[in-house]
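What follows is the content of model-v7.cif (mmCIF, C-alpha atoms (C1' of nucleotides)).
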data_work
loop_
_atom_site.group_PDB
_atom_site.id
_atom_site.type_symbol
_atom_site.label_atom_id
_atom_site.label_comp_id
_atom_site.auth_asym_id
_atom_site.auth_seq_id
_atom_site.Cartn_x
_atom_site.Cartn_y
_atom_site.Cartn_z
ATOM 1 C CA MET E 888 332.921 112.921 11.103
ATOM 2 C CA ASP E 889 329.287 111.996 11.241
ATOM 3 C CA TYR E 890 327.901 114.215 8.527
ATOM 4 C CA VAL E 891 324.361 113.047 8.967
ATOM 5 C CA ARG E 892 324.245 114.277 12.526
ATOM 6 C CA GLY E 893 326.716 117.055 11.960
ATOM 7 C CA GLU E 894 328.887 115.792 14.770
ATOM 8 C CA GLN E 895 332.614 115.383 15.031
ATOM 9 C CA ILE E 896 333.347 112.309 17.072
ATOM 10 C CA CYS E 897 336.638 110.978 18.391
ATOM 11 C CA SER E 898 337.025 107.500 16.923
ATOM 12 C CA ARG E 899 339.004 106.300 19.921
ATOM 13 C CA CYS E 900 336.937 107.403 22.884
ATOM 14 C CA GLY E 901 333.639 108.281 21.214
ATOM 15 C CA ILE E 902 333.394 111.717 22.719
ATOM 16 C CA VAL E 903 331.496 114.241 20.648
ATOM 17 C CA LEU E 904 334.059 116.949 20.027
ATOM 18 C CA SER E 905 331.763 119.332 18.242
ATOM 19 C CA PHE E 906 328.305 119.315 16.870
ATOM 20 C CA ARG E 907 326.303 121.337 14.358
ATOM 21 C CA THR E 908 329.442 121.553 12.312
ATOM 22 C CA ILE E 909 329.646 123.091 8.912
ATOM 23 C CA ASP E 910 329.576 120.767 5.939
ATOM 24 C CA GLN E 911 333.051 120.959 4.461
ATOM 25 C CA GLY E 912 332.103 119.340 1.191
ATOM 26 C CA PRO E 913 332.389 121.079 -2.166
ATOM 27 C CA GLU E 914 330.761 124.431 -2.051
ATOM 28 C CA TRP E 915 329.176 124.365 -5.451
ATOM 29 C CA ARG E 916 325.678 123.152 -5.337
ATOM 30 C CA ALA E 917 324.690 120.132 -7.381
ATOM 31 C CA PHE E 918 321.369 118.428 -7.156
ATOM 32 C CA SER E 919 321.588 116.384 -10.314
ATOM 33 C CA ALA E 920 324.287 114.960 -12.537
ATOM 34 C CA GLU E 921 323.675 117.766 -14.955
ATOM 35 C CA GLU E 922 324.135 120.414 -12.321
ATOM 36 C CA LEU E 923 327.273 118.724 -11.093
ATOM 37 C CA GLN E 924 328.843 119.487 -14.447
ATOM 38 C CA LYS E 925 327.967 123.126 -14.264
ATOM 39 C CA ARG E 926 329.264 123.648 -10.743
ATOM 40 C CA ASP E 927 326.883 126.452 -10.076
ATOM 41 C CA ARG E 928 327.461 128.223 -6.816
ATOM 42 C CA ILE E 929 324.232 130.109 -6.663
ATOM 43 C CA GLY E 930 320.586 129.451 -6.317
ATOM 44 C CA SER E 931 318.765 127.254 -3.901
ATOM 45 C CA PRO E 932 317.833 123.666 -4.557
ATOM 46 C CA PRO E 933 314.184 122.913 -5.109
ATOM 47 C CA THR E 934 313.234 122.393 -1.514
ATOM 48 C CA LEU E 935 310.068 121.162 0.099
ATOM 49 C CA THR E 936 310.595 123.269 3.165
ATOM 50 C CA ILE E 937 309.452 126.435 1.469
ATOM 51 C CA HIS E 938 305.732 126.558 1.118
ATOM 52 C CA ASP E 939 305.767 126.675 -2.690
ATOM 53 C CA LYS E 940 308.823 124.424 -2.920
ATOM 54 C CA GLY E 941 311.016 127.419 -3.685
ATOM 55 C CA LEU E 942 309.760 127.460 -7.219
ATOM 56 C CA SER E 943 307.729 130.633 -7.169
ATOM 57 C CA THR E 944 307.993 132.929 -10.137
ATOM 58 C CA LEU E 945 307.205 136.565 -9.848
ATOM 59 C CA ILE E 946 305.917 138.592 -12.713
ATOM 60 C CA ASP E 947 308.099 141.628 -12.738
ATOM 61 C CA ARG E 948 306.739 145.110 -12.437
ATOM 62 C CA GLN E 949 308.748 146.530 -15.303
ATOM 63 C CA ASN E 950 306.719 146.337 -18.437
ATOM 64 C CA LYS E 951 309.499 144.939 -20.509
ATOM 65 C CA ASP E 952 309.975 141.600 -22.145
ATOM 66 C CA ALA E 953 312.931 139.316 -21.746
ATOM 67 C CA PHE E 954 314.990 141.373 -24.142
ATOM 68 C CA GLY E 955 314.256 144.645 -22.403
ATOM 69 C CA LYS E 956 311.904 145.916 -25.064
ATOM 70 C CA GLN E 957 308.804 147.825 -24.076
ATOM 71 C CA LEU E 958 305.626 145.819 -24.305
ATOM 72 C CA THR E 959 302.740 146.746 -26.472
ATOM 73 C CA PRO E 960 299.802 148.287 -24.606
ATOM 74 C CA LYS E 961 297.694 145.203 -25.253
ATOM 75 C CA ARG E 962 300.387 142.921 -23.884
ATOM 76 C CA LYS E 963 300.836 145.278 -20.957
ATOM 77 C CA ALA E 964 297.214 144.969 -19.951
ATOM 78 C CA GLN E 965 297.422 141.212 -20.207
ATOM 79 C CA ILE E 966 300.471 141.052 -17.984
ATOM 80 C CA TYR E 967 298.852 143.370 -15.519
ATOM 81 C CA ARG E 968 295.907 140.991 -15.157
ATOM 82 C CA LEU E 969 298.208 138.017 -14.787
ATOM 83 C CA ARG E 970 300.131 139.790 -12.108
ATOM 84 C CA LYS E 971 296.997 140.610 -10.221
ATOM 85 C CA TRP E 972 295.762 137.037 -10.214
ATOM 86 C CA GLN E 973 299.127 135.679 -9.297
ATOM 87 C CA SER E 974 299.339 137.834 -6.215
ATOM 88 C CA ARG E 975 295.815 136.922 -5.294
ATOM 89 C CA SER E 976 296.270 133.211 -5.682
ATOM 90 C CA ARG E 977 299.656 132.910 -4.077
ATOM 91 C CA VAL E 978 298.961 133.201 -0.398
ATOM 92 C CA CYS E 979 295.238 133.337 -0.424
ATOM 93 C CA SER E 980 294.470 129.660 -0.530
ATOM 94 C CA SER E 981 294.099 128.441 3.004
ATOM 95 C CA SER E 982 296.422 125.534 2.566
ATOM 96 C CA GLU E 983 299.111 127.839 1.228
ATOM 97 C CA ARG E 984 298.743 130.048 4.255
ATOM 98 C CA ASN E 985 298.826 127.019 6.494
ATOM 99 C CA LEU E 986 301.995 125.751 4.879
ATOM 100 C CA ARG E 987 303.580 129.115 5.197
ATOM 101 C CA ALA E 988 303.098 129.136 8.950
ATOM 102 C CA ALA E 989 304.060 125.491 9.179
ATOM 103 C CA MET E 990 307.327 125.905 7.325
ATOM 104 C CA ALA E 991 308.255 128.815 9.542
ATOM 105 C CA GLU E 992 307.708 126.630 12.585
ATOM 106 C CA LEU E 993 309.617 123.781 10.973
ATOM 107 C CA GLU E 994 312.511 126.115 10.338
ATOM 108 C CA ARG E 995 312.511 127.317 13.908
ATOM 109 C CA LEU E 996 312.294 123.916 15.540
ATOM 110 C CA SER E 997 314.802 122.177 13.324
ATOM 111 C CA SER E 998 317.399 124.863 13.759
ATOM 112 C CA GLN E 999 316.995 124.660 17.519
ATOM 113 C CA LEU E 1000 317.288 120.906 17.467
ATOM 114 C CA GLY E 1001 320.175 121.098 15.039
ATOM 115 C CA ILE E 1002 318.801 118.377 12.809
ATOM 116 C CA PRO E 1003 320.233 117.876 9.323
ATOM 117 C CA ARG E 1004 318.454 119.141 6.276
ATOM 118 C CA ASP E 1005 317.304 115.846 4.847
ATOM 119 C CA VAL E 1006 315.411 115.130 8.043
ATOM 120 C CA LYS E 1007 313.854 118.533 7.795
ATOM 121 C CA GLU E 1008 312.764 117.722 4.266
ATOM 122 C CA THR E 1009 311.282 114.456 5.464
ATOM 123 C CA ALA E 1010 309.309 116.325 8.074
ATOM 124 C CA ALA E 1011 308.096 118.740 5.419
ATOM 125 C CA ILE E 1012 306.905 115.884 3.230
ATOM 126 C CA LEU E 1013 305.055 114.313 6.129
ATOM 127 C CA TYR E 1014 303.392 117.580 6.964
ATOM 128 C CA ARG E 1015 302.300 118.114 3.376
ATOM 129 C CA GLN E 1016 300.774 114.670 3.281
ATOM 130 C CA ALA E 1017 299.008 115.324 6.550
ATOM 131 C CA LEU E 1018 297.642 118.542 5.155
ATOM 132 C CA GLU E 1019 296.383 116.814 2.023
ATOM 133 C CA LYS E 1020 294.600 114.238 4.108
ATOM 134 C CA LYS E 1021 293.058 116.992 6.182
ATOM 135 C CA LEU E 1022 294.617 115.763 9.389
ATOM 136 C CA ILE E 1023 295.553 119.195 10.595
ATOM 137 C CA ARG E 1024 292.034 120.341 11.196
ATOM 138 C CA GLY E 1025 291.370 120.340 14.899
ATOM 139 C CA HIS E 1026 295.036 120.564 15.787
ATOM 140 C CA SER E 1027 297.324 123.518 15.886
ATOM 141 C CA ILE E 1028 299.805 123.887 13.083
ATOM 142 C CA GLU E 1029 302.567 123.990 15.619
ATOM 143 C CA VAL E 1030 301.835 120.692 17.268
ATOM 144 C CA MET E 1031 301.503 118.902 13.937
ATOM 145 C CA VAL E 1032 304.769 120.300 12.648
ATOM 146 C CA ASP E 1033 306.539 119.290 15.828
ATOM 147 C CA ALA E 1034 305.054 115.820 15.612
ATOM 148 C CA ALA E 1035 306.151 115.598 11.984
ATOM 149 C CA VAL E 1036 309.682 116.521 13.009
ATOM 150 C CA TYR E 1037 309.665 113.787 15.601
ATOM 151 C CA ALA E 1038 308.364 111.296 13.061
ATOM 152 C CA ALA E 1039 311.062 112.361 10.615
ATOM 153 C CA CYS E 1040 313.736 111.861 13.269
ATOM 154 C CA ARG E 1041 312.411 108.407 14.031
ATOM 155 C CA LYS E 1042 312.267 107.544 10.365
ATOM 156 C CA ARG E 1043 315.846 108.642 9.798
ATOM 157 C CA LYS E 1044 317.066 107.060 13.020
ATOM 158 C CA ILE E 1045 318.114 110.262 14.659
ATOM 159 C CA PRO E 1046 318.051 109.435 18.355
ATOM 160 C CA HIS E 1047 315.788 112.145 19.609
ATOM 161 C CA THR E 1048 313.156 111.437 22.186
ATOM 162 C CA LEU E 1049 309.814 113.111 22.534
ATOM 163 C CA GLU E 1050 311.274 114.933 25.493
ATOM 164 C CA ASP E 1051 313.926 116.477 23.270
ATOM 165 C CA ILE E 1052 311.258 117.854 20.994
ATOM 166 C CA GLU E 1053 309.189 118.939 23.936
ATOM 167 C CA ARG E 1054 312.008 121.068 25.238
ATOM 168 C CA PHE E 1055 311.948 123.312 22.185
ATOM 169 C CA SER E 1056 308.236 123.143 21.640
ATOM 170 C CA ARG E 1057 305.426 124.869 23.380
ATOM 171 C CA MET E 1058 303.516 121.625 23.265
ATOM 172 C CA THR E 1059 303.450 118.938 25.899
ATOM 173 C CA ARG E 1060 304.792 115.481 25.364
ATOM 174 C CA ARG E 1061 301.274 114.125 25.477
ATOM 175 C CA GLU E 1062 299.936 116.285 22.682
ATOM 176 C CA LEU E 1063 303.009 115.612 20.590
ATOM 177 C CA GLY E 1064 302.698 111.890 21.122
ATOM 178 C CA ARG E 1065 299.047 111.974 20.204
ATOM 179 C CA CYS E 1066 299.664 113.802 16.946
ATOM 180 C CA TYR E 1067 302.667 111.636 16.172
ATOM 181 C CA ARG E 1068 300.485 108.579 16.496
ATOM 182 C CA LEU E 1069 297.831 110.186 14.343
ATOM 183 C CA LEU E 1070 300.401 110.776 11.642
ATOM 184 C CA LEU E 1071 301.588 107.181 11.764
ATOM 185 C CA ASP E 1072 298.053 105.850 11.614
ATOM 186 C CA LYS E 1073 296.655 107.992 8.870
ATOM 187 C CA LEU E 1074 299.690 108.265 6.665
ATOM 188 C CA GLU E 1075 300.445 104.574 7.104
ATOM 189 C CA ILE E 1076 304.087 105.172 7.793
ATOM 190 C CA ILE E 1077 306.155 102.296 9.009
ATOM 191 C CA ILE E 1078 308.655 103.441 11.556
ATOM 192 C CA PRO E 1079 311.284 100.994 12.683
ATOM 193 C CA LEU E 1080 311.345 100.497 16.418
ATOM 194 C CA ILE E 1081 314.096 102.593 17.855
ATOM 195 C CA SER E 1082 316.873 100.414 19.161
ATOM 196 C CA PRO E 1083 318.527 101.131 22.491
ATOM 197 C CA LEU E 1084 321.827 100.883 20.640
ATOM 198 C CA GLU E 1085 321.129 104.201 18.982
ATOM 199 C CA PHE E 1086 321.236 106.027 22.267
ATOM 200 C CA ILE E 1087 324.595 104.695 23.377
ATOM 201 C CA PRO E 1088 326.853 107.235 21.638
ATOM 202 C CA ARG E 1089 324.736 110.111 22.778
ATOM 203 C CA PHE E 1090 324.540 109.147 26.447
ATOM 204 C CA SER E 1091 328.179 108.119 26.440
ATOM 205 C CA SER E 1092 329.428 111.456 25.311
ATOM 206 C CA ALA E 1093 327.336 113.167 27.954
ATOM 207 C CA LEU E 1094 328.923 110.859 30.524
ATOM 208 C CA MET E 1095 332.429 110.945 29.033
ATOM 209 C CA LEU E 1096 332.580 107.204 28.620
ATOM 210 C CA SER E 1097 335.218 105.509 26.499
ATOM 211 C CA GLU E 1098 334.708 103.655 23.245
ATOM 212 C CA ARG E 1099 335.505 100.381 24.990
ATOM 213 C CA THR E 1100 332.651 100.933 27.403
ATOM 214 C CA GLN E 1101 330.317 101.751 24.570
ATOM 215 C CA GLN E 1102 331.239 98.554 22.753
ATOM 216 C CA ARG E 1103 330.707 96.615 25.920
ATOM 217 C CA ALA E 1104 327.321 98.199 26.506
ATOM 218 C CA ALA E 1105 326.358 97.351 22.939
ATOM 219 C CA THR E 1106 327.218 93.674 23.372
ATOM 220 C CA ILE E 1107 325.343 93.620 26.654
ATOM 221 C CA LEU E 1108 322.288 94.963 24.885
ATOM 222 C CA LEU E 1109 322.574 92.388 22.122
ATOM 223 C CA LEU E 1110 322.859 89.560 24.634
ATOM 224 C CA ALA E 1111 319.928 90.945 26.573
ATOM 225 C CA ARG E 1112 317.885 90.989 23.412
ATOM 226 C CA GLU E 1113 318.675 87.350 22.742
ATOM 227 C CA LYS E 1114 317.407 86.532 26.191
ATOM 228 C CA GLY E 1115 314.202 88.313 25.270
ATOM 229 C CA ILE E 1116 314.193 90.658 28.234
ATOM 230 C CA THR E 1117 314.185 93.848 26.188
ATOM 231 C CA VAL E 1118 310.767 93.649 24.571
ATOM 232 C CA GLY E 1119 308.344 96.266 25.712
ATOM 233 C CA LYS E 1120 310.970 98.108 27.707
ATOM 234 C CA ASP E 1121 311.877 101.739 27.327
ATOM 235 C CA PRO E 1122 314.892 101.850 24.967
ATOM 236 C CA THR E 1123 316.459 104.777 26.785
ATOM 237 C CA GLY E 1124 316.197 102.918 30.074
ATOM 238 C CA LEU E 1125 317.807 99.862 28.523
ATOM 239 C CA ALA E 1126 320.643 101.875 27.022
ATOM 240 C CA ALA E 1127 321.168 103.610 30.346
ATOM 241 C CA SER E 1128 321.404 100.431 32.372
ATOM 242 C CA ALA E 1129 323.631 98.703 29.833
ATOM 243 C CA LEU E 1130 325.960 101.664 30.059
ATOM 244 C CA TYR E 1131 325.844 101.506 33.839
ATOM 245 C CA ILE E 1132 326.931 97.880 33.817
ATOM 246 C CA ALA E 1133 329.528 98.418 31.118
ATOM 247 C CA ALA E 1134 331.007 101.398 32.918
ATOM 248 C CA ILE E 1135 331.482 99.396 36.091
ATOM 249 C CA LEU E 1136 333.002 96.457 34.216
ATOM 250 C CA GLU E 1137 335.421 98.778 32.448
ATOM 251 C CA GLY E 1138 336.379 100.596 35.614
ATOM 252 C CA GLU E 1139 334.706 103.827 34.646
ATOM 253 C CA ARG E 1140 332.017 103.706 37.242
ATOM 254 C CA ARG E 1141 329.285 106.309 37.106
ATOM 255 C CA THR E 1142 326.614 106.692 39.730
ATOM 256 C CA GLN E 1143 323.081 105.660 38.950
ATOM 257 C CA ARG E 1144 322.092 109.272 39.294
ATOM 258 C CA GLU E 1145 324.568 110.447 36.650
ATOM 259 C CA ILE E 1146 323.422 107.764 34.239
ATOM 260 C CA ALA E 1147 319.784 108.471 34.922
ATOM 261 C CA THR E 1148 320.190 112.189 34.345
ATOM 262 C CA ALA E 1149 322.020 111.693 31.069
ATOM 263 C CA ALA E 1150 319.381 109.286 29.809
ATOM 264 C CA GLN E 1151 316.458 111.251 31.194
ATOM 265 C CA VAL E 1152 315.024 108.366 33.119
ATOM 266 C CA THR E 1153 314.879 107.802 36.859
ATOM 267 C CA GLU E 1154 317.399 105.967 38.972
ATOM 268 C CA VAL E 1155 314.745 103.411 39.750
ATOM 269 C CA THR E 1156 314.408 102.483 36.101
ATOM 270 C CA VAL E 1157 318.156 102.172 35.686
ATOM 271 C CA ARG E 1158 318.195 100.040 38.788
ATOM 272 C CA ASN E 1159 315.385 97.727 37.737
ATOM 273 C CA ARG E 1160 316.763 97.256 34.259
ATOM 274 C CA TYR E 1161 320.316 96.601 35.320
ATOM 275 C CA LYS E 1162 319.205 94.082 37.938
ATOM 276 C CA GLU E 1163 317.271 92.193 35.289
ATOM 277 C CA ILE E 1164 320.095 92.281 32.795
ATOM 278 C CA ALA E 1165 322.786 91.333 35.303
ATOM 279 C CA GLN E 1166 320.704 88.435 36.536
ATOM 280 C CA ASN E 1167 319.872 87.096 33.092
ATOM 281 C CA LEU E 1168 323.374 87.379 31.733
ATOM 282 C CA ASN E 1169 325.027 86.153 34.917
ATOM 283 C CA ILE E 1170 327.132 89.243 35.295
ATOM 284 C CA GLN E 1171 328.744 89.600 38.665
ATOM 285 C CA LEU E 1172 329.215 93.201 39.642
ATOM 286 C CA LYS E 1173 331.516 93.942 42.487
ATOM 287 C CA ILE E 1174 330.255 97.118 43.985
ATOM 288 C "C1'" DA Z 1385 327.274 112.055 53.689
ATOM 289 C "C1'" DA Z 1386 326.520 110.134 49.380
ATOM 290 C "C1'" DG Z 1387 325.043 106.414 46.916
ATOM 291 C "C1'" DA Z 1388 322.321 102.315 46.403
ATOM 292 C "C1'" DC Z 1389 318.192 99.844 47.439
ATOM 293 C "C1'" DG Z 1390 313.311 98.570 47.383
ATOM 294 C "C1'" DA Z 1391 308.424 99.253 48.730
ATOM 295 C "C1'" DA Z 1392 304.250 101.707 47.819
ATOM 296 C "C1'" DA Z 1393 301.340 104.649 45.436
ATOM 297 C "C1'" DG Z 1394 300.435 107.290 41.218
ATOM 298 C "C1'" DT Z 1395 300.467 108.198 35.995
ATOM 299 C "C1'" DG Z 1396 299.601 107.626 31.033
ATOM 300 C "C1'" DG Z 1397 298.955 104.297 27.589
ATOM 301 C "C1'" DT Z 1398 297.630 99.685 25.660
ATOM 302 C "C1'" DT Z 1399 294.594 95.801 25.313
ATOM 303 C "C1'" DG Z 1400 290.748 92.945 25.279
ATOM 304 C "C1'" DA Z 1401 285.957 92.232 26.413
ATOM 305 C "C1'" DT F 111 283.601 102.370 26.496
ATOM 306 C "C1'" DC F 112 285.529 100.445 30.489
ATOM 307 C "C1'" DA F 113 288.451 97.699 33.428
ATOM 308 C "C1'" DA F 114 292.673 95.217 33.845
ATOM 309 C "C1'" DC F 115 297.400 95.577 33.134
ATOM 310 C "C1'" DA F 116 302.443 96.504 32.301
ATOM 311 C "C1'" DA F 117 305.948 99.870 32.393
ATOM 312 C "C1'" DC F 118 307.657 103.818 34.338
ATOM 313 C "C1'" DT F 119 307.807 107.639 37.809
ATOM 314 C "C1'" DT F 120 307.779 109.806 42.313
ATOM 315 C "C1'" DT F 121 308.529 109.596 46.991
ATOM 316 C "C1'" DC F 122 310.491 108.037 50.993
ATOM 317 C "C1'" DG F 123 312.662 105.271 54.566
ATOM 318 C "C1'" DT F 124 316.603 102.120 55.153
ATOM 319 C "C1'" DC F 125 320.983 100.071 54.341
ATOM 320 C "C1'" DT F 126 325.935 100.277 52.661
ATOM 321 C "C1'" DT F 127 330.314 102.301 51.626
#
In structure tokens, how does this file's structure come out?
Amino acid sequence: MDYVRGEQICSRCGIVLSFRTIDQGPEWRAFSAEELQKRDRIGSPPTLTIHDKGLSTLIDRQNKDAFGKQLTPKRKAQIYRLRKWQSRSRVCSSSERNLRAAMAELERLSSQLGIPRDVKETAAILYRQALEKKLIRGHSIEVMVDAAVYAACRKRKIPHTLEDIERFSRMTRRELGRCYRLLLDKLEIIIPLISPLEFIPRFSSALMLSERTQQRAATILLLAREKGITVGKDPTGLAASALYIAAILEGERRTQREIATAAQVTEVTVRNRYKEIAQNLNIQLKI
DNA sequence: AAGACGAAAGTGGTTGA
DNA sequence: TCAACAACTTTCGTCTT
């Protein structure tokens, strides 16, 4: 089981048997050592994905204190005023309203993408920081949230491409990329370059390739990197062509078209990459 | 007939003056 | 800000299996 991605993967052939699985861990919630002792089963964790971090307190309408006693008239008036100001302040600040819309969009997108909760939280943090630095102004909430989700995926090494996000977003890849870059610049986030290796399991399961082939593709990629022919190249294209070569070597040939479709690149890119790699690593492919 | 190949022209993004 | 540039895409005609 890959709990981070919520995928059940066959350890022999690497095929993804199921995804978006249910966490089968203990059902009591525990977010600190103290809570672990109590084994509470109720209540939500303090989460950053709700606009007020899930920590809102409502002043109840019943004019009773914690012991159920009626309040004195003076106290009652005081509580009434508190209640009024609470309701006014809660959603009326513009950033609160913004966050409210943003977290709804975050919820929608992340459930469609099926990303795990910690990545969602990361995206929420990024968005909050962006909001504090006034980066949202001039952009729609939606596009910034989607860009934050992409950034969070990159940060947590979830192999999603911009195209994946684009599919569930109303935004274009270009706008998303622009806002993503803006986030990186202004928030000074360091995002590790995504390695082609990360895409291998994903493409392989789409192509029904065996574990052996995946291993082989991985070593091909590592050798290619040593030769220095991978810099500046599209990681998905590299992963695709390495898989193409590996599949042929392992007798599981796939057509360039199949590979290209799975990796969302063109045949031409697969072709160019694999020619380069085969030449540099002296791999003879009998066609 | 399908797959592989490669040339040519176009696109979006980076870089360096 | 603009031009040069590298990587990738699209398109299309040709060759191979």
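Atom pair CA of Ile1087 (chain E) / CA of Val1036 (chain E) has a distance of 21.7 Å (rounded to one decimal).
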Determine which residues of chain Z sit within 9 Å of chain E, taking into account only C-alpha atoms (C1' of nucleotides), and present them as a short mmCIF file (atom, residue, chain, number, x, y, z; two decimals) with C-alpha atoms (C1' of nucleotides), in the coordinates of the input.
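What follows is the written file out.cif:
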data_model
loop_
_atom_site.label_atom_id
_atom_site.label_comp_id
_atom_site.auth_asym_id
_atom_site.auth_seq_id
_atom_site.Cartn_x
_atom_site.Cartn_y
_atom_site.Cartn_z
"C1'" DG Z 1387 325.04 106.41 46.92
"C1'" DA Z 1388 322.32 102.32 46.40
"C1'" DC Z 1389 318.19 99.84 47.44
"C1'" DG Z 1396 299.60 107.63 31.03
#
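Interface residues of chain E facing chain F, defined by any atom at most 10 Å away and using all atoms listed in the file, are E:Gly1119, E:Lys1120, E:Asp1121, E:Gly1124, E:Val1152, E:Thr1153, E:Glu1154, E:Val1155, E:Thr1156, E:Ile1174.
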Item to complete: Starting from the shown file, work through the PyMOL selection byres ((chain E and resi 1037) around 12) and note down what comes out as a count of residues only.
Response: 47
Item to complete: Figure out the distance between CA of Pro1088 (chain E) and CA of Glu1139 (chain E), please, to one decimal in Å.
Response: 15.6 Å
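Distance-wise, CA of Arg970 (chain E) and CA of Ala989 (chain E) end up 25.9 Å apart.
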